[in-house]
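Below is input_14.txt, which holds compact mmCIF, N, CA and C atoms.
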```txt
# COMPACT_ATOMS: atom_id res chain seq x y z
N MET A 26 19.02 -16.46 -7.52
CA MET A 26 18.04 -15.58 -6.90
C MET A 26 17.43 -14.65 -7.95
N ILE A 27 16.12 -14.50 -7.89
CA ILE A 27 15.39 -13.62 -8.79
C ILE A 27 15.15 -12.29 -8.08
N GLU A 28 15.32 -11.18 -8.81
CA GLU A 28 15.02 -9.88 -8.24
C GLU A 28 13.70 -9.39 -8.82
N ALA A 29 12.84 -8.84 -7.96
CA ALA A 29 11.54 -8.35 -8.39
C ALA A 29 11.29 -6.98 -7.77
N THR A 30 10.49 -6.16 -8.46
CA THR A 30 10.16 -4.83 -7.97
C THR A 30 8.66 -4.64 -7.97
N SER A 31 8.16 -4.14 -6.85
CA SER A 31 6.74 -3.79 -6.73
C SER A 31 6.64 -2.36 -6.23
N CYS A 32 5.43 -1.80 -6.36
CA CYS A 32 5.16 -0.47 -5.84
C CYS A 32 3.79 -0.50 -5.18
N GLY A 33 3.64 0.31 -4.14
CA GLY A 33 2.37 0.32 -3.44
C GLY A 33 2.12 1.64 -2.75
N GLY A 34 0.98 1.69 -2.05
CA GLY A 34 0.60 2.94 -1.42
C GLY A 34 0.06 2.79 -0.02
N VAL A 35 0.37 3.81 0.78
CA VAL A 35 -0.30 4.00 2.06
C VAL A 35 -1.34 5.07 1.75
N VAL A 36 -2.59 4.62 1.58
CA VAL A 36 -3.67 5.50 1.15
C VAL A 36 -4.40 6.01 2.39
N ILE A 37 -4.54 7.34 2.48
CA ILE A 37 -5.18 7.95 3.64
C ILE A 37 -6.36 8.81 3.19
N PHE A 38 -7.48 8.64 3.90
CA PHE A 38 -8.64 9.52 3.72
C PHE A 38 -9.15 9.89 5.11
N ARG A 39 -9.22 11.19 5.36
CA ARG A 39 -9.67 11.71 6.66
C ARG A 39 -8.96 11.05 7.84
N GLY A 40 -7.65 10.86 7.69
CA GLY A 40 -6.83 10.34 8.76
C GLY A 40 -6.84 8.83 8.92
N LYS A 41 -7.61 8.14 8.09
CA LYS A 41 -7.67 6.68 8.19
C LYS A 41 -6.93 6.03 7.03
N ILE A 42 -6.43 4.82 7.28
CA ILE A 42 -5.54 4.12 6.34
C ILE A 42 -6.26 2.95 5.70
N LEU A 43 -6.07 2.81 4.39
CA LEU A 43 -6.70 1.74 3.62
C LEU A 43 -5.90 0.44 3.73
N LEU A 44 -6.57 -0.63 4.15
CA LEU A 44 -5.95 -1.96 4.24
C LEU A 44 -6.77 -2.98 3.47
N LEU A 45 -6.10 -4.06 3.09
CA LEU A 45 -6.73 -5.20 2.41
C LEU A 45 -6.55 -6.46 3.23
N TYR A 46 -7.58 -7.29 3.23
CA TYR A 46 -7.52 -8.57 3.92
C TYR A 46 -7.43 -9.69 2.89
N LYS A 47 -6.37 -10.49 2.98
CA LYS A 47 -6.15 -11.57 2.02
C LYS A 47 -6.46 -12.92 2.67
N ASN A 48 -7.21 -13.73 1.94
CA ASN A 48 -7.58 -15.06 2.41
C ASN A 48 -7.52 -15.98 1.20
N TYR A 49 -6.51 -16.85 1.16
CA TYR A 49 -6.30 -17.73 0.01
C TYR A 49 -6.70 -19.16 0.38
N LYS A 50 -7.68 -19.68 -0.35
CA LYS A 50 -8.17 -21.05 -0.11
C LYS A 50 -8.50 -21.27 1.37
N ASN A 51 -9.27 -20.33 1.91
CA ASN A 51 -9.70 -20.35 3.32
C ASN A 51 -8.54 -20.35 4.32
N LYS A 52 -7.38 -19.87 3.88
CA LYS A 52 -6.23 -19.76 4.77
C LYS A 52 -5.97 -18.28 5.03
N TYR A 53 -5.91 -17.91 6.29
CA TYR A 53 -5.68 -16.52 6.68
C TYR A 53 -4.32 -16.06 6.18
N GLU A 54 -4.33 -15.04 5.35
CA GLU A 54 -3.07 -14.49 4.82
C GLU A 54 -2.74 -13.14 5.45
N GLY A 55 -3.70 -12.54 6.14
CA GLY A 55 -3.43 -11.31 6.86
C GLY A 55 -3.86 -10.03 6.16
N TRP A 56 -3.77 -8.94 6.92
CA TRP A 56 -4.07 -7.60 6.41
C TRP A 56 -2.78 -7.00 5.85
N VAL A 57 -2.90 -6.37 4.69
CA VAL A 57 -1.74 -5.83 3.98
C VAL A 57 -2.06 -4.46 3.38
N LEU A 58 -1.01 -3.79 2.98
CA LEU A 58 -1.14 -2.56 2.20
C LEU A 58 -1.21 -2.94 0.72
N PRO A 59 -1.93 -2.17 -0.11
CA PRO A 59 -2.00 -2.50 -1.53
C PRO A 59 -0.66 -2.27 -2.24
N LYS A 60 -0.26 -3.25 -3.04
CA LYS A 60 1.00 -3.15 -3.81
C LYS A 60 0.98 -4.19 -4.91
N GLY A 61 1.87 -4.01 -5.90
CA GLY A 61 1.97 -5.00 -6.96
C GLY A 61 3.16 -4.74 -7.87
N THR A 62 3.30 -5.63 -8.80
CA THR A 62 4.48 -5.68 -9.67
C THR A 62 4.47 -4.60 -10.76
N VAL A 63 5.64 -4.04 -10.99
CA VAL A 63 5.84 -3.06 -12.06
C VAL A 63 5.69 -3.77 -13.40
N GLU A 64 4.86 -3.22 -14.27
CA GLU A 64 4.69 -3.78 -15.61
C GLU A 64 5.59 -3.03 -16.59
N GLU A 65 5.90 -3.70 -17.68
CA GLU A 65 6.78 -3.11 -18.69
C GLU A 65 6.24 -1.76 -19.17
N GLY A 66 7.13 -0.77 -19.21
CA GLY A 66 6.77 0.55 -19.70
C GLY A 66 6.20 1.47 -18.63
N GLU A 67 6.02 0.97 -17.41
CA GLU A 67 5.47 1.79 -16.33
C GLU A 67 6.58 2.38 -15.48
N ASP A 68 6.37 3.59 -14.98
CA ASP A 68 7.28 4.07 -13.94
C ASP A 68 6.66 3.71 -12.59
N TYR A 69 7.41 3.91 -11.53
CA TYR A 69 6.97 3.45 -10.21
C TYR A 69 5.68 4.12 -9.75
N THR A 70 5.52 5.42 -10.06
CA THR A 70 4.31 6.11 -9.62
C THR A 70 3.08 5.54 -10.35
N GLU A 71 3.23 5.25 -11.63
CA GLU A 71 2.11 4.65 -12.39
C GLU A 71 1.74 3.29 -11.82
N THR A 72 2.75 2.50 -11.46
CA THR A 72 2.50 1.18 -10.88
C THR A 72 1.75 1.31 -9.56
N ALA A 73 2.21 2.19 -8.69
CA ALA A 73 1.57 2.37 -7.39
C ALA A 73 0.10 2.76 -7.56
N GLU A 74 -0.17 3.73 -8.42
CA GLU A 74 -1.56 4.18 -8.62
C GLU A 74 -2.41 3.08 -9.25
N ARG A 75 -1.85 2.35 -10.22
CA ARG A 75 -2.60 1.27 -10.88
C ARG A 75 -2.89 0.14 -9.90
N GLU A 76 -1.90 -0.28 -9.16
CA GLU A 76 -2.09 -1.39 -8.22
C GLU A 76 -3.11 -1.05 -7.13
N VAL A 77 -3.06 0.15 -6.59
CA VAL A 77 -4.05 0.56 -5.60
C VAL A 77 -5.44 0.51 -6.23
N ARG A 78 -5.56 1.02 -7.46
CA ARG A 78 -6.86 1.02 -8.17
C ARG A 78 -7.36 -0.40 -8.41
N GLU A 79 -6.46 -1.28 -8.89
CA GLU A 79 -6.85 -2.67 -9.20
C GLU A 79 -7.23 -3.45 -7.94
N GLU A 80 -6.43 -3.32 -6.90
CA GLU A 80 -6.64 -4.15 -5.71
C GLU A 80 -7.75 -3.64 -4.79
N THR A 81 -8.01 -2.31 -4.83
CA THR A 81 -8.97 -1.74 -3.89
C THR A 81 -10.13 -0.98 -4.53
N GLY A 82 -10.03 -0.70 -5.84
CA GLY A 82 -11.05 0.10 -6.50
C GLY A 82 -10.93 1.59 -6.20
N VAL A 83 -9.85 1.99 -5.52
CA VAL A 83 -9.67 3.38 -5.11
C VAL A 83 -8.75 4.11 -6.09
N ALA A 84 -9.23 5.25 -6.59
CA ALA A 84 -8.41 6.09 -7.47
C ALA A 84 -7.68 7.11 -6.59
N ALA A 85 -6.58 6.67 -5.99
CA ALA A 85 -5.81 7.52 -5.08
C ALA A 85 -4.74 8.29 -5.84
N SER A 86 -4.37 9.44 -5.31
CA SER A 86 -3.32 10.27 -5.91
C SER A 86 -2.09 10.25 -5.02
N ILE A 87 -0.94 10.24 -5.66
CA ILE A 87 0.33 10.24 -4.91
C ILE A 87 0.60 11.63 -4.35
N VAL A 88 0.96 11.64 -3.07
CA VAL A 88 1.35 12.89 -2.41
C VAL A 88 2.87 12.97 -2.39
N LYS A 89 3.53 11.87 -1.94
CA LYS A 89 4.99 11.87 -1.98
C LYS A 89 5.55 10.46 -1.77
N TYR A 90 6.81 10.30 -2.16
CA TYR A 90 7.52 9.03 -2.00
C TYR A 90 7.87 8.83 -0.54
N ILE A 91 7.65 7.62 -0.02
CA ILE A 91 7.92 7.32 1.39
C ILE A 91 9.22 6.56 1.57
N GLY A 92 9.51 5.65 0.67
CA GLY A 92 10.73 4.86 0.82
C GLY A 92 10.55 3.45 0.29
N LYS A 93 11.58 2.65 0.53
CA LYS A 93 11.63 1.30 -0.03
C LYS A 93 11.73 0.28 1.09
N SER A 94 11.02 -0.83 0.91
CA SER A 94 11.21 -1.97 1.81
C SER A 94 11.73 -3.14 0.98
N GLN A 95 12.39 -4.07 1.63
CA GLN A 95 12.94 -5.24 0.93
C GLN A 95 12.63 -6.49 1.74
N TYR A 96 12.35 -7.56 1.03
CA TYR A 96 12.20 -8.85 1.69
C TYR A 96 12.47 -9.96 0.69
N THR A 97 12.70 -11.15 1.20
CA THR A 97 12.91 -12.30 0.33
C THR A 97 11.90 -13.37 0.69
N PHE A 98 11.54 -14.15 -0.31
CA PHE A 98 10.67 -15.30 -0.09
C PHE A 98 11.05 -16.37 -1.09
N ASN A 99 10.61 -17.57 -0.83
CA ASN A 99 10.94 -18.69 -1.70
C ASN A 99 9.74 -19.15 -2.51
N THR A 100 10.01 -19.48 -3.77
CA THR A 100 9.02 -20.13 -4.62
C THR A 100 9.58 -21.53 -4.91
N PRO A 101 8.77 -22.41 -5.47
CA PRO A 101 9.32 -23.75 -5.80
C PRO A 101 10.54 -23.67 -6.73
N GLN A 102 10.61 -22.62 -7.57
CA GLN A 102 11.70 -22.50 -8.54
C GLN A 102 12.94 -21.83 -7.98
N SER A 103 12.75 -20.81 -7.11
CA SER A 103 13.90 -20.01 -6.71
C SER A 103 13.58 -19.14 -5.50
N ALA A 104 14.61 -18.50 -4.99
CA ALA A 104 14.41 -17.47 -3.97
C ALA A 104 14.18 -16.15 -4.71
N VAL A 105 13.30 -15.33 -4.16
CA VAL A 105 12.98 -14.05 -4.77
C VAL A 105 13.34 -12.94 -3.79
N MET A 106 14.12 -11.95 -4.28
CA MET A 106 14.41 -10.77 -3.48
C MET A 106 13.57 -9.64 -4.04
N LYS A 107 12.66 -9.11 -3.21
CA LYS A 107 11.73 -8.10 -3.69
C LYS A 107 12.00 -6.74 -3.07
N ASP A 108 12.03 -5.72 -3.93
CA ASP A 108 12.07 -4.32 -3.51
C ASP A 108 10.66 -3.78 -3.68
N VAL A 109 10.15 -3.07 -2.69
CA VAL A 109 8.84 -2.43 -2.81
C VAL A 109 9.01 -0.95 -2.55
N HIS A 110 8.60 -0.15 -3.53
CA HIS A 110 8.66 1.32 -3.42
C HIS A 110 7.29 1.79 -2.97
N TRP A 111 7.26 2.57 -1.88
CA TRP A 111 6.02 2.98 -1.26
C TRP A 111 5.76 4.48 -1.41
N TYR A 112 4.49 4.82 -1.59
CA TYR A 112 4.07 6.21 -1.73
C TYR A 112 2.96 6.53 -0.74
N LEU A 113 3.02 7.74 -0.20
CA LEU A 113 1.92 8.27 0.59
C LEU A 113 0.89 8.75 -0.43
N MET A 114 -0.36 8.31 -0.27
CA MET A 114 -1.40 8.64 -1.24
C MET A 114 -2.65 9.15 -0.54
N ILE A 115 -3.42 9.95 -1.26
CA ILE A 115 -4.67 10.50 -0.72
C ILE A 115 -5.82 10.01 -1.59
N SER A 116 -6.94 9.70 -0.94
CA SER A 116 -8.13 9.33 -1.69
C SER A 116 -9.23 10.33 -1.34
N ASP A 117 -10.34 10.29 -2.06
CA ASP A 117 -11.38 11.29 -1.84
C ASP A 117 -12.67 10.70 -1.27
N SER A 118 -12.62 9.44 -0.82
CA SER A 118 -13.79 8.85 -0.18
C SER A 118 -13.39 7.58 0.57
N TYR A 119 -14.34 7.06 1.36
CA TYR A 119 -14.11 5.81 2.08
C TYR A 119 -14.41 4.59 1.22
N TYR A 120 -14.81 4.82 -0.02
CA TYR A 120 -15.16 3.69 -0.89
C TYR A 120 -13.95 2.80 -1.15
N SER A 121 -14.15 1.48 -1.09
CA SER A 121 -13.14 0.53 -1.56
C SER A 121 -13.83 -0.79 -1.88
N LYS A 122 -13.24 -1.51 -2.81
CA LYS A 122 -13.80 -2.79 -3.24
C LYS A 122 -12.64 -3.76 -3.46
N PRO A 123 -12.49 -4.76 -2.59
CA PRO A 123 -11.34 -5.67 -2.70
C PRO A 123 -11.38 -6.51 -3.98
N GLN A 124 -10.21 -6.71 -4.56
CA GLN A 124 -10.07 -7.47 -5.80
C GLN A 124 -10.11 -8.98 -5.48
N ARG A 125 -11.24 -9.60 -5.75
CA ARG A 125 -11.44 -11.02 -5.41
C ARG A 125 -10.47 -11.94 -6.16
N GLU A 126 -10.14 -11.58 -7.40
CA GLU A 126 -9.24 -12.42 -8.21
C GLU A 126 -7.87 -12.57 -7.55
N GLU A 127 -7.51 -11.61 -6.73
CA GLU A 127 -6.23 -11.67 -6.01
C GLU A 127 -6.41 -12.18 -4.58
N PHE A 128 -7.60 -12.72 -4.31
CA PHE A 128 -7.93 -13.31 -3.00
C PHE A 128 -8.05 -12.29 -1.88
N PHE A 129 -8.37 -11.04 -2.23
CA PHE A 129 -8.65 -10.04 -1.21
C PHE A 129 -10.14 -10.15 -0.88
N MET A 130 -10.46 -10.45 0.36
CA MET A 130 -11.83 -10.69 0.77
C MET A 130 -12.48 -9.50 1.46
N ASP A 131 -11.66 -8.55 1.91
CA ASP A 131 -12.19 -7.39 2.59
C ASP A 131 -11.22 -6.23 2.43
N SER A 132 -11.74 -5.03 2.56
CA SER A 132 -10.90 -3.83 2.54
C SER A 132 -11.62 -2.77 3.36
N GLY A 133 -10.86 -1.83 3.84
CA GLY A 133 -11.47 -0.75 4.60
C GLY A 133 -10.44 0.22 5.12
N TYR A 134 -10.95 1.32 5.67
CA TYR A 134 -10.10 2.37 6.24
C TYR A 134 -10.11 2.26 7.75
N TYR A 135 -8.93 2.33 8.35
CA TYR A 135 -8.78 2.14 9.79
C TYR A 135 -7.92 3.23 10.40
N LYS A 136 -8.20 3.53 11.68
CA LYS A 136 -7.37 4.48 12.41
C LYS A 136 -5.95 3.92 12.47
N PHE A 137 -4.98 4.84 12.63
CA PHE A 137 -3.57 4.44 12.61
C PHE A 137 -3.28 3.27 13.56
N HIS A 138 -3.66 3.40 14.83
CA HIS A 138 -3.30 2.35 15.80
C HIS A 138 -3.96 1.01 15.46
N GLU A 139 -5.17 1.06 14.89
CA GLU A 139 -5.83 -0.19 14.46
C GLU A 139 -5.07 -0.80 13.29
N ALA A 140 -4.80 0.03 12.30
CA ALA A 140 -4.10 -0.44 11.09
C ALA A 140 -2.73 -1.02 11.44
N TYR A 141 -2.02 -0.34 12.32
CA TYR A 141 -0.69 -0.78 12.71
C TYR A 141 -0.74 -2.19 13.29
N HIS A 142 -1.69 -2.43 14.16
CA HIS A 142 -1.79 -3.75 14.82
C HIS A 142 -2.38 -4.82 13.90
N MET A 143 -3.16 -4.40 12.91
CA MET A 143 -3.77 -5.36 11.98
C MET A 143 -2.76 -5.86 10.94
N LEU A 144 -1.83 -5.00 10.53
CA LEU A 144 -0.88 -5.39 9.49
C LEU A 144 -0.07 -6.62 9.89
N LYS A 145 0.08 -7.52 8.93
CA LYS A 145 0.76 -8.79 9.20
C LYS A 145 2.28 -8.65 9.21
N PHE A 146 2.81 -7.84 8.30
CA PHE A 146 4.26 -7.80 8.08
C PHE A 146 4.93 -6.60 8.74
N THR A 147 6.04 -6.85 9.42
CA THR A 147 6.79 -5.82 10.13
C THR A 147 7.24 -4.71 9.18
N ASN A 148 7.72 -5.08 7.98
CA ASN A 148 8.20 -4.05 7.06
C ASN A 148 7.06 -3.11 6.63
N GLU A 149 5.83 -3.63 6.53
CA GLU A 149 4.70 -2.77 6.19
C GLU A 149 4.30 -1.89 7.37
N LYS A 150 4.48 -2.39 8.60
CA LYS A 150 4.22 -1.57 9.79
C LYS A 150 5.19 -0.39 9.81
N GLN A 151 6.46 -0.64 9.46
CA GLN A 151 7.47 0.42 9.43
C GLN A 151 7.13 1.47 8.38
N ILE A 152 6.70 1.03 7.21
CA ILE A 152 6.31 1.95 6.13
C ILE A 152 5.08 2.75 6.56
N LEU A 153 4.12 2.09 7.17
CA LEU A 153 2.92 2.77 7.65
C LEU A 153 3.29 3.87 8.64
N GLU A 154 4.18 3.56 9.56
CA GLU A 154 4.61 4.54 10.55
C GLU A 154 5.25 5.76 9.89
N ARG A 155 6.14 5.49 8.94
CA ARG A 155 6.82 6.57 8.21
C ARG A 155 5.81 7.43 7.45
N ALA A 156 4.90 6.76 6.74
CA ALA A 156 3.90 7.48 5.94
C ALA A 156 2.97 8.30 6.82
N TYR A 157 2.55 7.70 7.93
CA TYR A 157 1.61 8.40 8.81
C TYR A 157 2.26 9.61 9.46
N ASN A 158 3.52 9.50 9.86
CA ASN A 158 4.25 10.64 10.42
C ASN A 158 4.34 11.76 9.39
N GLU A 159 4.58 11.40 8.14
CA GLU A 159 4.65 12.36 7.04
C GLU A 159 3.28 13.05 6.86
N TYR A 160 2.22 12.25 6.90
CA TYR A 160 0.86 12.76 6.78
C TYR A 160 0.57 13.77 7.89
N VAL A 161 0.90 13.42 9.14
CA VAL A 161 0.66 14.29 10.29
C VAL A 161 1.41 15.62 10.11
N GLU A 162 2.65 15.53 9.64
CA GLU A 162 3.46 16.73 9.42
C GLU A 162 2.85 17.61 8.32
N LEU A 163 2.43 17.01 7.22
CA LEU A 163 1.80 17.77 6.12
C LEU A 163 0.51 18.43 6.61
N LYS A 164 -0.27 17.69 7.35
CA LYS A 164 -1.55 18.21 7.86
C LYS A 164 -1.31 19.38 8.82
N LYS A 165 -0.32 19.23 9.69
CA LYS A 165 0.02 20.27 10.66
C LYS A 165 0.41 21.57 9.94
N ASN A 166 1.05 21.44 8.79
CA ASN A 166 1.49 22.60 8.02
C ASN A 166 0.50 23.00 6.93
N SER A 167 -0.73 22.49 7.04
CA SER A 167 -1.81 22.79 6.08
C SER A 167 -1.43 22.45 4.65
N LEU A 168 -0.65 21.39 4.47
CA LEU A 168 -0.24 20.98 3.12
C LEU A 168 -0.94 19.71 2.66
N TRP A 169 -1.79 19.11 3.50
CA TRP A 169 -2.48 17.88 3.13
C TRP A 169 -3.77 18.22 2.39
N GLY A 170 -3.97 17.51 1.28
CA GLY A 170 -5.23 17.67 0.55
C GLY A 170 -5.22 18.81 -0.46
N GLY A 171 -4.17 19.60 -0.45
CA GLY A 171 -4.07 20.69 -1.42
C GLY A 171 -3.29 20.22 -2.64
N LYS A 172 -2.25 20.94 -2.96
CA LYS A 172 -1.41 20.58 -4.10
C LYS A 172 -0.58 19.34 -3.81
N LYS A 173 -0.29 18.59 -4.85
CA LYS A 173 0.55 17.40 -4.72
C LYS A 173 1.97 17.80 -4.39
N GLN A 174 2.66 16.97 -3.60
CA GLN A 174 4.06 17.22 -3.23
C GLN A 174 5.01 16.57 -4.22
N LYS A 175 4.79 15.30 -4.49
CA LYS A 175 5.64 14.39 -5.28
C LYS A 175 7.06 14.54 -4.96
```
Represent the structure from my file as structure tokens, please.
Amino acid sequence: MIEATSCGGVVIFRGKILLLYKNYKNKYEGWVLPKGTVEEGEDYTETAEREVREETGVAASIVKYIGKSQYTFNTPQSAVMKDVHWYLMISDSYYSKPQREEFFMDSGYYKFHEAYHMLKFTNEKQILERAYNEYVELKKNSLWGGKKQK
């Protein structure tokens, strides 16, 4: 079994969540949160910010760590156990541009209940829920959009 680590973000602007739509060779792959593999010399926060920027064109800032999800999948060579570290992130506009090279065909910001139902994977729905609850709490306490929490 191969172990792999990725980092990603639940990016929020004005209460809406950034999602990506993946379509590989005309096969529906579903709506997902932006994430990707840690590169050598990067810490997890750098990976999360870079991957969000690469996959969506959004320069989002980390507000705080949300938690880790785990899943396994098979490749022709081996089984892969993946850890994904997630961050609550803030962006400063609705702009996004899906990374075509990674087969992302669409991206956009959606209300929580829309995003929740659009997401393909249960573990990403759980992370979204956790991140959104955190966002609501920060906003309620006037801590959203000001200084970073980290």
Selected residue of minimal separation from Ser121 (chain A) among A:Ile91, A:Val77, A:Val83, A:Leu58, counting all atoms listed in the file: A:Val83
Using only C-alpha atoms: which of A:Lys41, A:His138, A:Arg78, A:Lys52 has the shortest distance to Pro123 (chain A): A:Arg78
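Straight-line separation from atom N of Glu162 (chain A) to atom C of Tyr134 (chain A): 18.5 Å.
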Among listed residues A:Gly61, A:Trp111, A:Tyr46, A:Glu71, nearest Tyr90 (chain A) (using all atoms listed in the file):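 Of A:Gly61, A:Trp111, A:Tyr46, A:Glu71, the one nearest Tyr90 (chain A) is A:Trp111, counting all atoms listed in the file.
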Residues within 12 Å of Ile152 (chain A), only C-alpha atoms, excluding chain neighbours under 4 positions, as a list in words: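 Once the nearby chain positions are removed, what remains is Gly33, Gly34, Val35, Val36, Val57, Leu58, Tyr90, Ile91, Gly92, Lys93, Ser94, Gln95, Val109, His110, Trp111, Tyr112, Leu113, Ala140, Tyr141, Leu144, Phe146, Thr147, Asn148, Ala156, Tyr157, Asn158 and Glu159 of chain A.
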Pairwise distance for atom C of Lys136 (chain A) and atom C of Lys107 (chain A), rounded to one decimal in Å: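 Separation of atom C of Lys136 (chain A) and atom C of Lys107 (chain A): 26.0 Å.
Pairwise distance (atom C of Ser132 (chain A), CA of Gly55 (chain A)) equals 12.3 Å.
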Region 53-160 of chain A: residues DSSP assigns to strand (DSSP E), reported as a PyMOL selection string: chain A and resi 53-57+60-62+86-99+104-115+129-135
Contacts of Arg39 (chain A) at 10 Å (only C-alpha atoms; same-chain gap of 6+ positions) as a VMD selection string: chain A and resid 115 to 119 134 136 170
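Minimum atom-to-atom distance to Asn48 (chain A), evaluated using only C-alpha atoms, belongs to A:Glu127 out of A:Cys32, A:Glu127, A:Val105, A:Glu65.
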Best match for closeness to Ile87 (chain A) among A:Glu28, A:Lys60, A:Gly40, A:Met114, counting all atoms listed in the file: A:Met114
Residue contacts of Lys122 (chain A) (10 Å, only C-alpha atoms) excluding same-chain residues fewer than 3 positions away, as a PyMOL selection string: chain A and resi 45+78-83+125+129-133
All alpha helix (DSSP H) residues (DSSP, backbone) inside region 40-120 of chain A, as a list in words: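 Those in region 40-120 of chain A that DSSP calls alpha helix (DSSP H) are Tyr69, Thr70, Glu71, Thr72, Ala73, Glu74, Arg75, Glu76, Val77, Arg78, Glu79, Glu80 and Thr81 of chain A.
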Pick from A:Glu54, A:Leu43, A:Ile27, A:Ala85 nearest to Phe128 (chain A), counting only C-alpha atoms: A:Glu54
Exercise: Thr72 (chain A) partners within 7 Å, only C-alpha atoms, chain neighbours under 4 positions left out, as JSON, numbers by chain: {"A": [32, 63, 67, 68, 76]}
